[in-house]
file entry-v2.pdb (PDB, C-alpha atoms, pLDDT in the B column)
ATOM      1  CA  MET F1179     108.353-121.849  21.195  1.00 93.00           C
ATOM      2  CA  PHE F1180     105.019-120.458  22.362  1.00 92.00           C
ATOM      3  CA  ALA F1181     105.539-117.376  20.195  1.00 95.00           C
ATOM      4  CA  VAL F1182     106.209-119.490  17.094  1.00 95.00           C
ATOM      5  CA  VAL F1183     103.094-121.624  17.653  1.00 94.00           C
ATOM      6  CA  THR F1184     100.961-118.551  18.293  1.00 94.00           C
ATOM      7  CA  THR F1185     102.329-116.847  15.194  1.00 95.00           C
ATOM      8  CA  VAL F1186     101.634-119.880  13.009  1.00 94.00           C
ATOM      9  CA  ILE F1187      98.100-120.237  14.358  1.00 94.00           C
ATOM     10  CA  LEU F1188      97.299-116.559  13.831  1.00 94.00           C
ATOM     11  CA  TYR F1189      98.881-116.686  10.372  1.00 94.00           C
ATOM     12  CA  VAL F1190      96.771-119.674   9.309  1.00 94.00           C
ATOM     13  CA  PHE F1191      93.552-118.288  10.793  1.00 94.00           C
ATOM     14  CA  GLY F1192      94.296-114.954   9.142  1.00 94.00           C
ATOM     15  CA  PHE F1193      94.355-116.609   5.731  1.00 94.00           C
ATOM     16  CA  VAL F1194      91.162-118.526   6.481  1.00 95.00           C
ATOM     17  CA  PHE F1195      89.466-115.317   7.615  1.00 96.00           C
ATOM     18  CA  LEU F1196      90.716-113.425   4.560  1.00 96.00           C
ATOM     19  CA  TYR F1197      89.448-116.192   2.269  1.00 96.00           C
ATOM     20  CA  GLY F1198      86.007-115.993   3.927  1.00 96.00           C
ATOM     21  CA  VAL F1199      85.844-112.218   3.618  1.00 97.00           C
ATOM     22  CA  ILE F1200      86.834-112.303  -0.047  1.00 97.00           C
ATOM     23  CA  ARG F1201      84.362-115.081  -0.781  1.00 97.00           C
ATOM     24  CA  LEU F1202      81.561-113.166   0.942  1.00 97.00           C
ATOM     25  CA  GLY F1203      82.425-109.998  -0.973  1.00 97.00           C
ATOM     26  CA  VAL F1204      82.441-111.813  -4.300  1.00 97.00           C
ATOM     27  CA  ARG F1205      79.094-113.444  -3.540  1.00 97.00           C
ATOM     28  CA  HIS F1206      77.518-110.083  -2.729  1.00 97.00           C
ATOM     29  CA  ALA F1207      79.031-108.555  -5.858  1.00 97.00           C
ATOM     30  CA  PHE F1208      77.496-111.285  -8.026  1.00 97.00           C
ATOM     31  CA  GLU F1209      74.107-110.807  -6.346  1.00 97.00           C
ATOM     32  CA  ASP F1210      74.267-107.061  -6.991  1.00 97.00           C
ATOM     33  CA  LEU F1211      75.293-107.699 -10.589  1.00 97.00           C
ATOM     34  CA  GLU F1212      72.353-110.053 -11.073  1.00 97.00           C
ATOM     35  CA  LEU F1213      69.928-107.485  -9.656  1.00 97.00           C
ATOM     36  CA  GLN F1214      71.360-104.726 -11.861  1.00 97.00           C
ATOM     37  CA  ARG F1215      71.086-106.980 -14.916  1.00 97.00           C
ATOM     38  CA  ALA F1216      67.435-107.779 -14.166  1.00 96.00           C
ATOM     39  CA  LYS F1217      66.684-104.099 -13.551  1.00 97.00           C
ATOM     40  CA  ALA F1218      68.320-103.064 -16.842  1.00 96.00           C
ATOM     41  CA  GLN F1219      66.377-105.718 -18.746  1.00 96.00           C
ATOM     42  CA  ARG F1220      63.103-104.581 -17.155  1.00 96.00           C
ATOM     43  CA  GLU F1221      63.847-100.952 -18.024  1.00 96.00           C
ATOM     44  CA  GLU F1222      64.647-101.945 -21.608  1.00 96.00           C
ATOM     45  CA  GLU F1223      61.341-103.810 -21.925  1.00 96.00           C
ATOM     46  CA  LEU F1224      59.448-100.835 -20.497  1.00 96.00           C
ATOM     47  CA  ALA F1225      61.187 -98.474 -22.909  1.00 95.00           C
ATOM     48  CA  ALA F1226      60.300-100.706 -25.861  1.00 94.00           C
ATOM     49  CA  ALA F1227      56.669-100.859 -24.753  1.00 94.00           C
ATOM     50  CA  ARG F1228      56.619 -97.087 -24.272  1.00 94.00           C
ATOM     51  CA  ASP F1229      58.091 -96.524 -27.745  1.00 90.00           C
ATOM     52  CA  SER F1230      55.606 -98.926 -29.295  1.00 89.00           C
ATOM     53  CA  SER F1231      52.714 -97.207 -27.562  1.00 91.00           C
ATOM     54  CA  PHE F1232      53.992 -93.766 -28.554  1.00 89.00           C
ATOM     55  CA  MET F1233      54.365 -94.774 -32.211  1.00 88.00           C
ATOM     56  CA  ARG F1234      50.877 -96.315 -32.252  1.00 87.00           C
ATOM     57  CA  ASP F1235      49.351 -93.170 -30.742  1.00 86.00           C
ATOM     58  CA  ASN F1236      51.375 -90.795 -32.937  1.00 86.00           C
ATOM     59  CA  ALA F1237      51.619 -92.644 -36.247  1.00 83.00           C
ATOM     60  CA  PHE F1238      51.983 -89.362 -38.143  1.00 84.00           C
ATOM     61  CA  LEU F1239      55.403 -88.879 -36.526  1.00 80.00           C
ATOM     62  CA  ALA F1240      56.599 -92.294 -37.641  1.00 72.00           C
ATOM     63  CA  GLY F1241      55.869 -91.589 -41.284  1.00 73.00           C
ATOM     64  CA  SER F1242      53.488 -94.523 -41.702  1.00 59.00           C
TER      65      SER F1242
END

call {"tool": "encode", "arguments": {"input": "entry-v2.pdb", "output": "structure tokens"}}
result
Amino acid sequence: MFAVVTTVILYVFGFVFLYGVIRLGVRHAFEDLELQRAKAQREEELAAARDSSFMRDNAFLAGS
């Protein structure tokens, strides 16, 4: 009887632990995704500003 109770307790706590680990991993993945998205947007804005500046400085290349 002790073995059955111990097995059930470990089984239940194992699922609770696994749920916590998965939830923590998903949270960290979403945080990383948000940081990567912000970084990509910032790089895109910098590239647009760089292109604009380059075209203003070198208008003869743009054909205007």

call {"tool": "atom_distance", "arguments": {"input": "entry-v2.pdb", "atom1": "CA of Glu1222 in chain F", "atom2": "CA of Arg1205 in chain F"}}
result
25.8 Å

call {"tool": "residues_around", "arguments": {"input": "entry-v2.pdb", "residues": "Ala1240 in chain F", "least_positions_apart": "5", "cutoff": "12 Å", "atoms": "only C-alpha atoms", "output": "number ranges by chain"}}
result
F: 1229-1235

call {"tool": "write_last_selection", "arguments": {"input": "entry-v2.pdb", "atoms": "C-alpha atoms", "output": "compact mmCIF listing (two decimals), in the frame of the given file"}}
result
# COMPACT_ATOMS: atom_id res chain seq x y z
CA ASP F 1229 58.09 -96.52 -27.74
CA SER F 1230 55.61 -98.93 -29.30
CA SER F 1231 52.71 -97.21 -27.56
CA PHE F 1232 53.99 -93.77 -28.55
CA MET F 1233 54.36 -94.77 -32.21
CA ARG F 1234 50.88 -96.32 -32.25
CA ASP F 1235 49.35 -93.17 -30.74

call {"tool": "atom_distance", "arguments": {"input": "entry-v2.pdb", "atom1": "CA of Arg1215 in chain F", "atom2": "CA of Arg1201 in chain F"}}
result
21.0 Å

call {"tool": "axis_aligned_box", "arguments": {"input": "entry-v2.pdb", "around": "range 1218-1232 of chain F", "padding_each_side": "6 Å", "output": "JSON"}}
result
{"center_x": 60.5, "center_y": -99.7, "center_z": -23.1, "size_x": 27.6, "size_y": 24.0, "size_z": 24.5}

call {"tool": "build_atoms", "arguments": {"input": "entry-v2.pdb", "residues": "range 1190-1211 of chain F", "atoms": "N, CA and C atoms", "output": "JSON list (two decimals), keeping the file's coordinate frame"}}
result
[["chain", "number", "residue", "atom", "x", "y", "z"],
["F", 1190, "VAL", "N", 97.69, -118.77, 10.01],
["F", 1190, "VAL", "CA", 96.77, -119.67, 9.31],
["F", 1190, "VAL", "C", 95.34, -119.16, 9.42],
["F", 1191, "PHE", "N", 94.91, -118.79, 10.63],
["F", 1191, "PHE", "CA", 93.55, -118.29, 10.79],
["F", 1191, "PHE", "C", 93.35, -116.97, 10.06],
["F", 1192, "GLY", "N", 94.39, -116.19, 9.92],
["F", 1192, "GLY", "CA", 94.30, -114.95, 9.14],
["F", 1192, "GLY", "C", 93.99, -115.24, 7.69],
["F", 1193, "PHE", "N", 94.64, -116.25, 7.11],
["F", 1193, "PHE", "CA", 94.36, -116.61, 5.73],
["F", 1193, "PHE", "C", 92.95, -117.18, 5.58],
["F", 1194, "VAL", "N", 92.51, -117.97, 6.53],
["F", 1194, "VAL", "CA", 91.16, -118.53, 6.48],
["F", 1194, "VAL", "C", 90.14, -117.40, 6.57],
["F", 1195, "PHE", "N", 90.36, -116.46, 7.47],
["F", 1195, "PHE", "CA", 89.47, -115.32, 7.62],
["F", 1195, "PHE", "C", 89.46, -114.48, 6.34],
["F", 1196, "LEU", "N", 90.62, -114.21, 5.78],
["F", 1196, "LEU", "CA", 90.72, -113.42, 4.56],
["F", 1196, "LEU", "C", 90.01, -114.12, 3.41],
["F", 1197, "TYR", "N", 90.15, -115.43, 3.30],
["F", 1197, "TYR", "CA", 89.45, -116.19, 2.27],
["F", 1197, "TYR", "C", 87.93, -116.04, 2.43],
["F", 1198, "GLY", "N", 87.44, -116.14, 3.66],
["F", 1198, "GLY", "CA", 86.01, -115.99, 3.93],
["F", 1198, "GLY", "C", 85.50, -114.62, 3.57],
["F", 1199, "VAL", "N", 86.25, -113.59, 3.92],
["F", 1199, "VAL", "CA", 85.84, -112.22, 3.62],
["F", 1199, "VAL", "C", 85.81, -111.99, 2.11],
["F", 1200, "ILE", "N", 86.81, -112.47, 1.41],
["F", 1200, "ILE", "CA", 86.83, -112.30, -0.05],
["F", 1200, "ILE", "C", 85.69, -113.07, -0.69],
["F", 1201, "ARG", "N", 85.46, -114.27, -0.22],
["F", 1201, "ARG", "CA", 84.36, -115.08, -0.78],
["F", 1201, "ARG", "C", 83.01, -114.41, -0.54],
["F", 1202, "LEU", "N", 82.81, -113.87, 0.63],
["F", 1202, "LEU", "CA", 81.56, -113.17, 0.94],
["F", 1202, "LEU", "C", 81.40, -111.93, 0.06],
["F", 1203, "GLY", "N", 82.48, -111.19, -0.12],
["F", 1203, "GLY", "CA", 82.42, -110.00, -0.97],
["F", 1203, "GLY", "C", 82.11, -110.34, -2.41],
["F", 1204, "VAL", "N", 82.70, -111.41, -2.92],
["F", 1204, "VAL", "CA", 82.44, -111.81, -4.30],
["F", 1204, "VAL", "C", 81.00, -112.27, -4.45],
["F", 1205, "ARG", "N", 80.49, -113.00, -3.47],
["F", 1205, "ARG", "CA", 79.09, -113.44, -3.54],
["F", 1205, "ARG", "C", 78.14, -112.26, -3.59],
["F", 1206, "HIS", "N", 78.37, -111.27, -2.74],
["F", 1206, "HIS", "CA", 77.52, -110.08, -2.73],
["F", 1206, "HIS", "C", 77.65, -109.30, -4.04],
["F", 1207, "ALA", "N", 78.84, -109.26, -4.59],
["F", 1207, "ALA", "CA", 79.03, -108.56, -5.86],
["F", 1207, "ALA", "C", 78.24, -109.24, -6.97],
["F", 1208, "PHE", "N", 78.26, -110.57, -7.01],
["F", 1208, "PHE", "CA", 77.50, -111.28, -8.03],
["F", 1208, "PHE", "C", 75.99, -111.10, -7.84],
["F", 1209, "GLU", "N", 75.53, -111.05, -6.60],
["F", 1209, "GLU", "CA", 74.11, -110.81, -6.35],
["F", 1209, "GLU", "C", 73.72, -109.41, -6.82],
["F", 1210, "ASP", "N", 74.54, -108.42, -6.53],
["F", 1210, "ASP", "CA", 74.27, -107.06, -6.99],
["F", 1210, "ASP", "C", 74.27, -106.98, -8.51],
["F", 1211, "LEU", "N", 75.21, -107.68, -9.13],
["F", 1211, "LEU", "CA", 75.29, -107.70, -10.59],
["F", 1211, "LEU", "C", 74.04, -108.33, -11.19]]
